[in-house]
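Trainee: What follows is entry_13.tsv, TSV, N, CA and C atoms.
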chain	number	residue	atom	x	y	z
M	1	MET	N	-19.30	-34.27	39.40
M	1	MET	CA	-20.62	-33.68	39.62
M	1	MET	C	-20.71	-32.32	38.94
M	2	GLY	N	-21.65	-32.21	38.04
M	2	GLY	CA	-21.84	-30.93	37.37
M	2	GLY	C	-22.79	-30.05	38.14
M	3	THR	N	-22.74	-28.77	37.86
M	3	THR	CA	-23.63	-27.85	38.56
M	3	THR	C	-25.07	-28.01	38.08
M	4	GLN	N	-25.26	-28.61	36.91
M	4	GLN	CA	-26.61	-28.78	36.38
M	4	GLN	C	-27.49	-29.55	37.36
M	5	ALA	N	-26.95	-30.55	38.01
M	5	ALA	CA	-27.73	-31.36	38.94
M	5	ALA	C	-28.16	-30.54	40.15
M	6	ASN	N	-27.43	-29.49	40.46
M	6	ASN	CA	-27.75	-28.67	41.62
M	6	ASN	C	-28.64	-27.48	41.27
M	7	THR	N	-28.95	-27.31	40.00
M	7	THR	CA	-29.77	-26.18	39.59
M	7	THR	C	-31.21	-26.43	40.00
M	8	LYS	N	-31.68	-25.59	40.88
M	8	LYS	CA	-33.06	-25.71	41.34
M	8	LYS	C	-33.88	-24.58	40.74
M	9	MET	N	-35.10	-24.90	40.41
M	9	MET	CA	-35.94	-23.88	39.79
M	9	MET	C	-37.29	-23.81	40.49
M	10	VAL	N	-38.02	-22.75	40.15
M	10	VAL	CA	-39.37	-22.56	40.63
M	10	VAL	C	-40.30	-23.03	39.52
M	11	ALA	N	-41.22	-23.91	39.86
M	11	ALA	CA	-42.23	-24.35	38.89
M	11	ALA	C	-43.51	-23.58	39.14
M	12	ILE	N	-44.08	-23.06	38.06
M	12	ILE	CA	-45.33	-22.31	38.12
M	12	ILE	C	-46.39	-23.15	37.42
M	13	VAL	N	-47.46	-23.48	38.11
M	13	VAL	CA	-48.54	-24.26	37.51
M	13	VAL	C	-49.82	-23.46	37.63
M	14	ASP	N	-50.27	-22.93	36.49
M	14	ASP	CA	-51.48	-22.10	36.47
M	14	ASP	C	-52.08	-22.18	35.07
M	15	ASP	N	-53.38	-22.34	34.98
M	15	ASP	CA	-54.02	-22.44	33.67
M	15	ASP	C	-54.19	-21.08	33.00
M	16	ASP	N	-53.92	-20.00	33.70
M	16	ASP	CA	-54.07	-18.64	33.15
M	16	ASP	C	-52.75	-18.20	32.51
M	17	ASP	N	-52.78	-18.01	31.18
M	17	ASP	CA	-51.57	-17.62	30.43
M	17	ASP	C	-50.94	-16.35	30.98
M	18	LEU	N	-51.77	-15.35	31.24
M	18	LEU	CA	-51.25	-14.06	31.71
M	18	LEU	C	-50.58	-14.20	33.08
M	19	MET	N	-51.20	-14.96	33.97
M	19	MET	CA	-50.63	-15.16	35.31
M	19	MET	C	-49.31	-15.91	35.22
M	20	ARG	N	-49.27	-16.97	34.40
M	20	ARG	CA	-48.02	-17.73	34.22
M	20	ARG	C	-46.90	-16.82	33.71
M	21	GLY	N	-47.22	-16.03	32.70
M	21	GLY	CA	-46.21	-15.14	32.12
M	21	GLY	C	-45.74	-14.09	33.10
M	22	ALA	N	-46.68	-13.52	33.85
M	22	ALA	CA	-46.33	-12.49	34.83
M	22	ALA	C	-45.44	-13.07	35.93
M	23	LEU	N	-45.79	-14.25	36.44
M	23	LEU	CA	-45.00	-14.87	37.50
M	23	LEU	C	-43.61	-15.25	37.00
M	24	GLN	N	-43.55	-15.81	35.81
M	24	GLN	CA	-42.25	-16.20	35.26
M	24	GLN	C	-41.37	-14.97	35.06
M	25	GLY	N	-41.95	-13.89	34.55
M	25	GLY	CA	-41.21	-12.65	34.37
M	25	GLY	C	-40.73	-12.07	35.69
M	26	LEU	N	-41.59	-12.08	36.69
M	26	LEU	CA	-41.24	-11.57	38.02
M	26	LEU	C	-40.06	-12.35	38.60
M	27	LEU	N	-40.12	-13.66	38.54
M	27	LEU	CA	-39.06	-14.49	39.11
M	27	LEU	C	-37.74	-14.31	38.36
M	28	LYS	N	-37.82	-14.27	37.03
M	28	LYS	CA	-36.60	-14.09	36.24
M	28	LYS	C	-35.98	-12.72	36.47
M	29	ALA	N	-36.84	-11.71	36.71
M	29	ALA	CA	-36.35	-10.35	36.97
M	29	ALA	C	-35.50	-10.28	38.23
M	30	VAL	N	-35.76	-11.17	39.18
M	30	VAL	CA	-34.97	-11.17	40.42
M	30	VAL	C	-33.94	-12.31	40.43
M	31	GLY	N	-33.72	-12.91	39.25
M	31	GLY	CA	-32.66	-13.90	39.11
M	31	GLY	C	-33.02	-15.31	39.53
M	32	LEU	N	-34.31	-15.61	39.64
M	32	LEU	CA	-34.72	-16.96	40.01
M	32	LEU	C	-35.15	-17.73	38.76
M	33	PRO	N	-34.54	-18.89	38.52
M	33	PRO	CA	-34.95	-19.68	37.35
M	33	PRO	C	-36.36	-20.21	37.53
M	34	ALA	N	-37.18	-20.05	36.51
M	34	ALA	CA	-38.57	-20.48	36.61
M	34	ALA	C	-39.01	-21.17	35.33
M	35	GLN	N	-39.88	-22.14	35.50
M	35	GLN	CA	-40.48	-22.83	34.37
M	35	GLN	C	-41.98	-22.86	34.60
M	36	ALA	N	-42.74	-22.56	33.55
M	36	ALA	CA	-44.20	-22.47	33.69
M	36	ALA	C	-44.89	-23.64	33.00
M	37	PHE	N	-45.98	-24.08	33.62
M	37	PHE	CA	-46.77	-25.20	33.11
M	37	PHE	C	-48.24	-24.80	33.13
M	38	ALA	N	-48.98	-25.18	32.07
M	38	ALA	CA	-50.38	-24.79	31.95
M	38	ALA	C	-51.31	-25.68	32.77
M	39	SER	N	-50.80	-26.82	33.26
M	39	SER	CA	-51.65	-27.71	34.04
M	39	SER	C	-50.80	-28.55	34.98
M	40	ALA	N	-51.45	-29.12	35.98
M	40	ALA	CA	-50.76	-30.02	36.91
M	40	ALA	C	-50.24	-31.24	36.15
M	41	GLU	N	-51.05	-31.72	35.23
M	41	GLU	CA	-50.65	-32.88	34.44
M	41	GLU	C	-49.38	-32.60	33.63
M	42	GLU	N	-49.31	-31.39	33.05
M	42	GLU	CA	-48.13	-31.00	32.27
M	42	GLU	C	-46.88	-30.98	33.16
M	43	PHE	N	-47.01	-30.46	34.38
M	43	PHE	CA	-45.89	-30.44	35.31
M	43	PHE	C	-45.46	-31.86	35.66
M	44	LEU	N	-46.41	-32.73	35.95
M	44	LEU	CA	-46.08	-34.11	36.31
M	44	LEU	C	-45.39	-34.84	35.15
M	45	LYS	N	-45.85	-34.60	33.92
M	45	LYS	CA	-45.25	-35.24	32.73
M	45	LYS	C	-43.84	-34.72	32.44
M	46	SER	N	-43.53	-33.52	32.92
M	46	SER	CA	-42.22	-32.90	32.62
M	46	SER	C	-41.06	-33.66	33.24
M	47	GLY	N	-41.33	-34.36	34.34
M	47	GLY	CA	-40.25	-35.07	35.04
M	47	GLY	C	-39.31	-34.14	35.80
M	48	LEU	N	-39.71	-32.89	36.02
M	48	LEU	CA	-38.84	-31.91	36.66
M	48	LEU	C	-39.08	-31.78	38.17
M	49	GLN	N	-39.78	-32.73	38.75
M	49	GLN	CA	-40.09	-32.63	40.18
M	49	GLN	C	-38.83	-32.56	41.03
M	50	ARG	N	-37.80	-33.33	40.71
M	50	ARG	CA	-36.57	-33.33	41.51
M	50	ARG	C	-35.79	-32.01	41.39
M	51	GLU	N	-35.97	-31.30	40.28
M	51	GLU	CA	-35.26	-30.03	40.08
M	51	GLU	C	-36.06	-28.85	40.64
M	52	THR	N	-37.25	-29.12	41.13
M	52	THR	CA	-38.13	-28.06	41.61
M	52	THR	C	-37.87	-27.77	43.08
M	53	ALA	N	-37.42	-26.55	43.36
M	53	ALA	CA	-37.14	-26.14	44.74
M	53	ALA	C	-38.36	-25.49	45.38
M	54	CYS	N	-39.27	-25.01	44.53
M	54	CYS	CA	-40.48	-24.35	45.02
M	54	CYS	C	-41.54	-24.46	43.93
M	55	LEU	N	-42.76	-24.72	44.35
M	55	LEU	CA	-43.87	-24.85	43.42
M	55	LEU	C	-44.88	-23.75	43.74
M	56	ILE	N	-45.24	-22.98	42.70
M	56	ILE	CA	-46.32	-22.00	42.82
M	56	ILE	C	-47.47	-22.58	42.00
M	57	ALA	N	-48.58	-22.88	42.67
M	57	ALA	CA	-49.68	-23.54	41.96
M	57	ALA	C	-51.01	-22.85	42.23
M	58	ASP	N	-51.81	-22.74	41.17
M	58	ASP	CA	-53.17	-22.27	41.31
M	58	ASP	C	-53.97	-23.40	41.97
M	59	ILE	N	-54.99	-23.04	42.72
M	59	ILE	CA	-55.83	-24.06	43.36
M	59	ILE	C	-56.81	-24.65	42.34
M	60	ARG	N	-57.54	-23.77	41.66
M	60	ARG	CA	-58.58	-24.24	40.73
M	60	ARG	C	-58.08	-24.19	39.30
M	61	MET	N	-57.99	-25.38	38.72
M	61	MET	CA	-57.59	-25.51	37.32
M	61	MET	C	-58.42	-26.62	36.69
M	62	PRO	N	-58.60	-26.58	35.37
M	62	PRO	CA	-59.27	-27.71	34.72
M	62	PRO	C	-58.42	-28.97	34.94
M	63	GLY	N	-59.07	-30.10	35.03
M	63	GLY	CA	-58.32	-31.34	35.29
M	63	GLY	C	-57.93	-31.40	36.75
M	64	MET	N	-56.68	-31.72	37.01
M	64	MET	CA	-56.19	-31.86	38.38
M	64	MET	C	-56.06	-30.49	39.05
M	65	SER	N	-56.60	-30.36	40.25
M	65	SER	CA	-56.50	-29.09	40.98
M	65	SER	C	-55.13	-28.98	41.64
M	66	GLY	N	-54.83	-27.80	42.15
M	66	GLY	CA	-53.57	-27.60	42.86
M	66	GLY	C	-53.47	-28.48	44.09
M	67	LEU	N	-54.59	-28.65	44.81
M	67	LEU	CA	-54.59	-29.51	46.00
M	67	LEU	C	-54.37	-30.97	45.62
M	68	GLU	N	-54.95	-31.40	44.50
M	68	GLU	CA	-54.74	-32.78	44.03
M	68	GLU	C	-53.28	-32.98	43.60
M	69	LEU	N	-52.70	-31.95	42.97
M	69	LEU	CA	-51.28	-32.02	42.59
M	69	LEU	C	-50.42	-32.16	43.84
M	70	GLN	N	-50.70	-31.35	44.86
M	70	GLN	CA	-49.96	-31.42	46.11
M	70	GLN	C	-50.04	-32.83	46.70
M	71	ALA	N	-51.23	-33.41	46.73
M	71	ALA	CA	-51.43	-34.75	47.29
M	71	ALA	C	-50.66	-35.80	46.48
M	72	LYS	N	-50.65	-35.66	45.17
M	72	LYS	CA	-49.94	-36.62	44.31
M	72	LYS	C	-48.43	-36.53	44.54
M	73	LEU	N	-47.91	-35.32	44.64
M	73	LEU	CA	-46.47	-35.15	44.90
M	73	LEU	C	-46.09	-35.76	46.24
M	74	ILE	N	-46.91	-35.54	47.25
M	74	ILE	CA	-46.65	-36.11	48.58
M	74	ILE	C	-46.67	-37.64	48.50
M	75	ALA	N	-47.67	-38.18	47.79
M	75	ALA	CA	-47.79	-39.63	47.65
M	75	ALA	C	-46.58	-40.23	46.94
M	76	GLU	N	-45.98	-39.45	46.03
M	76	GLU	CA	-44.81	-39.91	45.28
M	76	GLU	C	-43.51	-39.52	45.98
M	77	HIS	N	-43.61	-39.05	47.22
M	77	HIS	CA	-42.46	-38.72	48.07
M	77	HIS	C	-41.62	-37.56	47.56
M	78	PHE	N	-42.30	-36.59	46.90
M	78	PHE	CA	-41.62	-35.36	46.52
M	78	PHE	C	-41.99	-34.31	47.56
M	79	SER	N	-40.98	-33.82	48.26
M	79	SER	CA	-41.22	-32.81	49.28
M	79	SER	C	-40.86	-31.45	48.70
M	80	ILE	N	-41.81	-30.84	48.02
M	80	ILE	CA	-41.59	-29.56	47.35
M	80	ILE	C	-42.37	-28.47	48.09
M	81	PRO	N	-41.67	-27.46	48.62
M	81	PRO	CA	-42.40	-26.36	49.25
M	81	PRO	C	-43.38	-25.76	48.24
M	82	THR	N	-44.64	-25.65	48.63
M	82	THR	CA	-45.68	-25.21	47.70
M	82	THR	C	-46.36	-23.94	48.20
M	83	ILE	N	-46.47	-22.99	47.28
M	83	ILE	CA	-47.20	-21.75	47.54
M	83	ILE	C	-48.43	-21.78	46.64
M	84	PHE	N	-49.61	-21.76	47.25
M	84	PHE	CA	-50.83	-21.75	46.46
M	84	PHE	C	-51.28	-20.33	46.21
M	85	ILE	N	-51.78	-20.10	45.00
M	85	ILE	CA	-52.37	-18.81	44.64
M	85	ILE	C	-53.77	-19.09	44.12
M	86	THR	N	-54.72	-18.26	44.49
M	86	THR	CA	-56.08	-18.49	44.03
M	86	THR	C	-56.89	-17.20	44.05
M	87	ALA	N	-57.84	-17.14	43.15
M	87	ALA	CA	-58.80	-16.03	43.16
M	87	ALA	C	-60.06	-16.46	43.90
M	88	HIS	N	-60.14	-17.74	44.25
M	88	HIS	CA	-61.37	-18.28	44.83
M	88	HIS	C	-61.13	-18.96	46.17
M	89	GLY	N	-60.23	-18.43	46.96
M	89	GLY	CA	-59.89	-19.09	48.21
M	89	GLY	C	-60.91	-18.85	49.30
M	90	ASP	N	-61.01	-19.81	50.20
M	90	ASP	CA	-61.81	-19.64	51.40
M	90	ASP	C	-61.02	-20.23	52.57
M	91	ALA	N	-61.50	-19.99	53.77
M	91	ALA	CA	-60.76	-20.41	54.97
M	91	ALA	C	-60.57	-21.93	55.00
M	92	LYS	N	-61.59	-22.68	54.60
M	92	LYS	CA	-61.50	-24.14	54.62
M	92	LYS	C	-60.43	-24.64	53.65
M	93	MET	N	-60.44	-24.08	52.45
M	93	MET	CA	-59.46	-24.48	51.43
M	93	MET	C	-58.05	-24.11	51.89
M	94	ARG	N	-57.92	-22.94	52.48
M	94	ARG	CA	-56.61	-22.49	52.99
M	94	ARG	C	-56.09	-23.46	54.06
M	95	MET	N	-56.95	-23.83	55.00
M	95	MET	CA	-56.53	-24.75	56.06
M	95	MET	C	-56.15	-26.11	55.48
M	96	GLN	N	-56.92	-26.59	54.51
M	96	GLN	CA	-56.62	-27.88	53.88
M	96	GLN	C	-55.23	-27.84	53.23
M	97	ALA	N	-54.95	-26.77	52.52
M	97	ALA	CA	-53.65	-26.64	51.84
M	97	ALA	C	-52.51	-26.56	52.85
M	98	LEU	N	-52.68	-25.75	53.87
M	98	LEU	CA	-51.61	-25.57	54.86
M	98	LEU	C	-51.40	-26.84	55.69
M	99	ARG	N	-52.47	-27.54	56.03
M	99	ARG	CA	-52.35	-28.79	56.78
M	99	ARG	C	-51.59	-29.84	55.97
M	100	ALA	N	-51.76	-29.81	54.65
M	100	ALA	CA	-51.10	-30.77	53.79
M	100	ALA	C	-49.64	-30.38	53.51
M	101	GLY	N	-49.22	-29.24	54.06
M	101	GLY	CA	-47.81	-28.87	53.94
M	101	GLY	C	-47.49	-27.67	53.09
M	102	ALA	N	-48.51	-26.98	52.57
M	102	ALA	CA	-48.22	-25.76	51.79
M	102	ALA	C	-47.50	-24.75	52.68
M	103	THR	N	-46.58	-24.01	52.08
M	103	THR	CA	-45.85	-23.00	52.85
M	103	THR	C	-46.62	-21.69	52.92
M	104	GLU	N	-47.48	-21.43	51.93
M	104	GLU	CA	-48.26	-20.19	51.93
M	104	GLU	C	-49.48	-20.37	51.04
M	105	PHE	N	-50.47	-19.53	51.26
M	105	PHE	CA	-51.73	-19.55	50.51
M	105	PHE	C	-52.07	-18.09	50.25
M	106	LEU	N	-51.88	-17.64	49.03
M	106	LEU	CA	-52.09	-16.24	48.69
M	106	LEU	C	-53.32	-16.06	47.81
M	107	THR	N	-54.10	-15.03	48.11
M	107	THR	CA	-55.29	-14.73	47.33
M	107	THR	C	-54.94	-13.68	46.29
M	108	LYS	N	-55.36	-13.94	45.03
M	108	LYS	CA	-55.13	-12.99	43.94
M	108	LYS	C	-56.08	-11.81	44.12
M	109	PRO	N	-55.67	-10.59	43.86
M	109	PRO	CA	-54.27	-10.21	43.55
M	109	PRO	C	-53.44	-10.18	44.83
M	110	PHE	N	-52.20	-10.60	44.72
M	110	PHE	CA	-51.31	-10.61	45.89
M	110	PHE	C	-50.14	-9.68	45.63
M	111	ASP	N	-49.44	-9.35	46.69
M	111	ASP	CA	-48.28	-8.46	46.61
M	111	ASP	C	-47.07	-9.24	46.09
M	112	ASP	N	-46.44	-8.74	45.04
M	112	ASP	CA	-45.28	-9.42	44.46
M	112	ASP	C	-44.18	-9.68	45.49
M	113	GLU	N	-43.94	-8.70	46.36
M	113	GLU	CA	-42.87	-8.85	47.35
M	113	GLU	C	-43.18	-9.96	48.35
M	114	VAL	N	-44.43	-10.10	48.72
M	114	VAL	CA	-44.84	-11.18	49.63
M	114	VAL	C	-44.58	-12.53	48.96
M	115	LEU	N	-44.94	-12.62	47.69
M	115	LEU	CA	-44.70	-13.86	46.95
M	115	LEU	C	-43.20	-14.16	46.88
M	116	LEU	N	-42.41	-13.16	46.52
M	116	LEU	CA	-40.96	-13.36	46.41
M	116	LEU	C	-40.32	-13.75	47.73
M	117	GLU	N	-40.77	-13.15	48.82
M	117	GLU	CA	-40.24	-13.51	50.15
M	117	GLU	C	-40.52	-14.99	50.43
M	118	ASN	N	-41.72	-15.43	50.10
M	118	ASN	CA	-42.09	-16.83	50.34
M	118	ASN	C	-41.32	-17.78	49.43
M	119	VAL	N	-41.10	-17.38	48.19
M	119	VAL	CA	-40.32	-18.22	47.26
M	119	VAL	C	-38.88	-18.35	47.76
M	120	ARG	N	-38.29	-17.23	48.14
M	120	ARG	CA	-36.90	-17.26	48.63
M	120	ARG	C	-36.79	-18.13	49.89
M	121	ALA	N	-37.73	-17.99	50.81
M	121	ALA	CA	-37.72	-18.80	52.03
M	121	ALA	C	-37.86	-20.28	51.69
M	122	ALA	N	-38.73	-20.61	50.74
M	122	ALA	CA	-38.92	-22.00	50.34
M	122	ALA	C	-37.65	-22.57	49.72
M	123	MET	N	-36.98	-21.77	48.91
M	123	MET	CA	-35.78	-22.26	48.21
M	123	MET	C	-34.61	-22.44	49.17
M	124	GLU	N	-34.64	-21.75	50.30
M	124	GLU	CA	-33.56	-21.87	51.29
M	124	GLU	C	-33.80	-23.03	52.26
M	125	SER	N	-35.04	-23.53	52.29
M	125	SER	CA	-35.36	-24.59	53.25
M	125	SER	C	-34.86	-25.95	52.78
Please render this file's structure as structure tokens.

Mentor:
Amino acid sequence: MGTQANTKMVAIVDDDDLMRGALQGLLKAVGLPAQAFASAEEFLKSGLQRETACLIADIRMPGMSGLELQAKLIAEHFSIPTIFITAHGDAKMRMQALRAGATEFLTKPFDDEVLLENVRAAMES
């Protein structure tokens, strides 16, 4: 058994280039391996669901939304702790995400430390 199979990473799914880059840089700065994807479809095509220990996903994206991605992963029996980030959140959307199993729902702009605490907790679960 190689250590490669045990390497877990954080997947970032956001259509905003700047947000993806900032999140990837933040995670790498604290020693967390991260891979960024411009869309939910790109993440699904990557085949990296099994290596993903935590998913950070935007709610509103062109094509498949973050909530639709969450539902698809659940339907395919991938239990990935998911942290949603959005600039357009409301109480109903937050409840929908959390009921479906999201670990956190953060509104942009959010505190980096809050995000990191949630990522670390998700990766330890």

Trainee: Could you give me, as number ranges by chain, each residue of chain M that DSSP assigns to strand (DSSP E or B) when run on this structure's backbone?

Mentor: M: 9-13, 34-37, 52-58, 82-86, 104-107

Trainee: What does the structure give for the distance between atom C of Ala36 of chain M and atom N of Ser65 of chain M, in Å to one decimal?

Mentor: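 For atom C of Ala36 of chain M relative to atom N of Ser65 of chain M, the distance reads 15.3 Å.
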
Trainee: Measure the distance from atom C of Pro33 of chain M to atom N of His88 of chain M in Å and round it to one decimal.

Mentor: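 About the pair atom C of Pro33 of chain M and atom N of His88 of chain M: they are 24.8 Å apart.
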
Trainee: List the residues sitting within 8 Å of (-57.9, -26.7, 33.9) in the file's frame, using only N, CA and C atoms, as a ChimeraX atom specification.

Mentor: /M:14-16,38-40,60-65

Trainee: In Å to one decimal, how far is atom CA of Ala11 of chain M from atom CA of Gln35 of chain M?

Mentor: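 According to the coordinates, atom CA of Gln35 of chain M and atom CA of Ala11 of chain M are separated by 5.1 Å.
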
Trainee: Report the residues of chain M whose backbone DSSP state falls under helix (DSSP H, G or I), written as a VMD selection string.

Mentor: chain M and resid 3 to 6 17 to 29 40 to 46 49 to 51 66 to 75 91 to 99 112 to 124

Trainee: Just need segment 99-120 of chain M in a file, please: N, CA and C atoms, as a PDB file, in the first residue's frame.

Mentor:
ATOM      1  N   ARG M  99     -29.395  20.687   5.450  1.00  0.00           N
ATOM      2  CA  ARG M  99     -30.236  19.488   5.560  1.00  0.00           C
ATOM      3  C   ARG M  99     -29.700  18.358   4.688  1.00  0.00           C
ATOM      4  N   ALA M 100     -29.115  18.720   3.553  1.00  0.00           N
ATOM      5  CA  ALA M 100     -28.586  17.719   2.633  1.00  0.00           C
ATOM      6  C   ALA M 100     -27.206  17.222   3.072  1.00  0.00           C
ATOM      7  N   GLY M 101     -26.696  17.779   4.179  1.00  0.00           N
ATOM      8  CA  GLY M 101     -25.445  17.262   4.723  1.00  0.00           C
ATOM      9  C   GLY M 101     -24.241  18.174   4.651  1.00  0.00           C
ATOM     10  N   ALA M 102     -24.422  19.406   4.181  1.00  0.00           N
ATOM     11  CA  ALA M 102     -23.280  20.335   4.162  1.00  0.00           C
ATOM     12  C   ALA M 102     -22.786  20.552   5.589  1.00  0.00           C
ATOM     13  N   THR M 103     -21.472  20.704   5.736  1.00  0.00           N
ATOM     14  CA  THR M 103     -20.921  20.932   7.070  1.00  0.00           C
ATOM     15  C   THR M 103     -20.957  22.404   7.447  1.00  0.00           C
ATOM     16  N   GLU M 104     -20.954  23.291   6.436  1.00  0.00           N
ATOM     17  CA  GLU M 104     -20.994  24.733   6.717  1.00  0.00           C
ATOM     18  C   GLU M 104     -21.495  25.465   5.482  1.00  0.00           C
ATOM     19  N   PHE M 105     -21.982  26.668   5.703  1.00  0.00           N
ATOM     20  CA  PHE M 105     -22.512  27.527   4.641  1.00  0.00           C
ATOM     21  C   PHE M 105     -22.002  28.923   4.950  1.00  0.00           C
ATOM     22  N   LEU M 106     -21.024  29.383   4.197  1.00  0.00           N
ATOM     23  CA  LEU M 106     -20.393  30.674   4.464  1.00  0.00           C
ATOM     24  C   LEU M 106     -20.757  31.699   3.393  1.00  0.00           C
ATOM     25  N   THR M 107     -21.051  32.910   3.830  1.00  0.00           N
ATOM     26  CA  THR M 107     -21.380  33.983   2.907  1.00  0.00           C
ATOM     27  C   THR M 107     -20.124  34.793   2.621  1.00  0.00           C
ATOM     28  N   LYS M 108     -19.872  35.057   1.324  1.00  0.00           N
ATOM     29  CA  LYS M 108     -18.726  35.864   0.911  1.00  0.00           C
ATOM     30  C   LYS M 108     -19.006  37.323   1.258  1.00  0.00           C
ATOM     31  N   PRO M 109     -18.044  38.092   1.722  1.00  0.00           N
ATOM     32  CA  PRO M 109     -16.700  37.627   2.107  1.00  0.00           C
ATOM     33  C   PRO M 109     -16.754  36.928   3.471  1.00  0.00           C
ATOM     34  N   PHE M 110     -15.965  35.891   3.618  1.00  0.00           N
ATOM     35  CA  PHE M 110     -15.938  35.150   4.878  1.00  0.00           C
ATOM     36  C   PHE M 110     -14.540  35.239   5.480  1.00  0.00           C
ATOM     37  N   ASP M 111     -14.444  34.903   6.741  1.00  0.00           N
ATOM     38  CA  ASP M 111     -13.173  34.942   7.463  1.00  0.00           C
ATOM     39  C   ASP M 111     -12.349  33.705   7.102  1.00  0.00           C
ATOM     40  N   ASP M 112     -11.113  33.912   6.668  1.00  0.00           N
ATOM     41  CA  ASP M 112     -10.247  32.793   6.278  1.00  0.00           C
ATOM     42  C   ASP M 112     -10.099  31.766   7.396  1.00  0.00           C
ATOM     43  N   GLU M 113      -9.962  32.241   8.634  1.00  0.00           N
ATOM     44  CA  GLU M 113      -9.768  31.320   9.757  1.00  0.00           C
ATOM     45  C   GLU M 113     -11.002  30.444   9.991  1.00  0.00           C
ATOM     46  N   VAL M 114     -12.176  31.007   9.809  1.00  0.00           N
ATOM     47  CA  VAL M 114     -13.414  30.231   9.950  1.00  0.00           C
ATOM     48  C   VAL M 114     -13.443  29.136   8.886  1.00  0.00           C
ATOM     49  N   LEU M 115     -13.081  29.502   7.666  1.00  0.00           N
ATOM     50  CA  LEU M 115     -13.040  28.508   6.590  1.00  0.00           C
ATOM     51  C   LEU M 115     -12.032  27.408   6.914  1.00  0.00           C
ATOM     52  N   LEU M 116     -10.833  27.792   7.331  1.00  0.00           N
ATOM     53  CA  LEU M 116      -9.800  26.798   7.644  1.00  0.00           C
ATOM     54  C   LEU M 116     -10.197  25.881   8.785  1.00  0.00           C
ATOM     55  N   GLU M 117     -10.843  26.431   9.803  1.00  0.00           N
ATOM     56  CA  GLU M 117     -11.316  25.598  10.925  1.00  0.00           C
ATOM     57  C   GLU M 117     -12.299  24.545  10.414  1.00  0.00           C
ATOM     58  N   ASN M 118     -13.199  24.966   9.534  1.00  0.00           N
ATOM     59  CA  ASN M 118     -14.192  24.040   8.986  1.00  0.00           C
ATOM     60  C   ASN M 118     -13.552  22.989   8.081  1.00  0.00           C
ATOM     61  N   VAL M 119     -12.561  23.395   7.296  1.00  0.00           N
ATOM     62  CA  VAL M 119     -11.864  22.440   6.426  1.00  0.00           C
ATOM     63  C   VAL M 119     -11.125  21.406   7.269  1.00  0.00           C
ATOM     64  N   ARG M 120     -10.414  21.876   8.281  1.00  0.00           N
ATOM     65  CA  ARG M 120      -9.667  20.941   9.150  1.00  0.00           C
ATOM     66  C   ARG M 120     -10.624  19.968   9.851  1.00  0.00           C
TER      67      ARG M 120
END
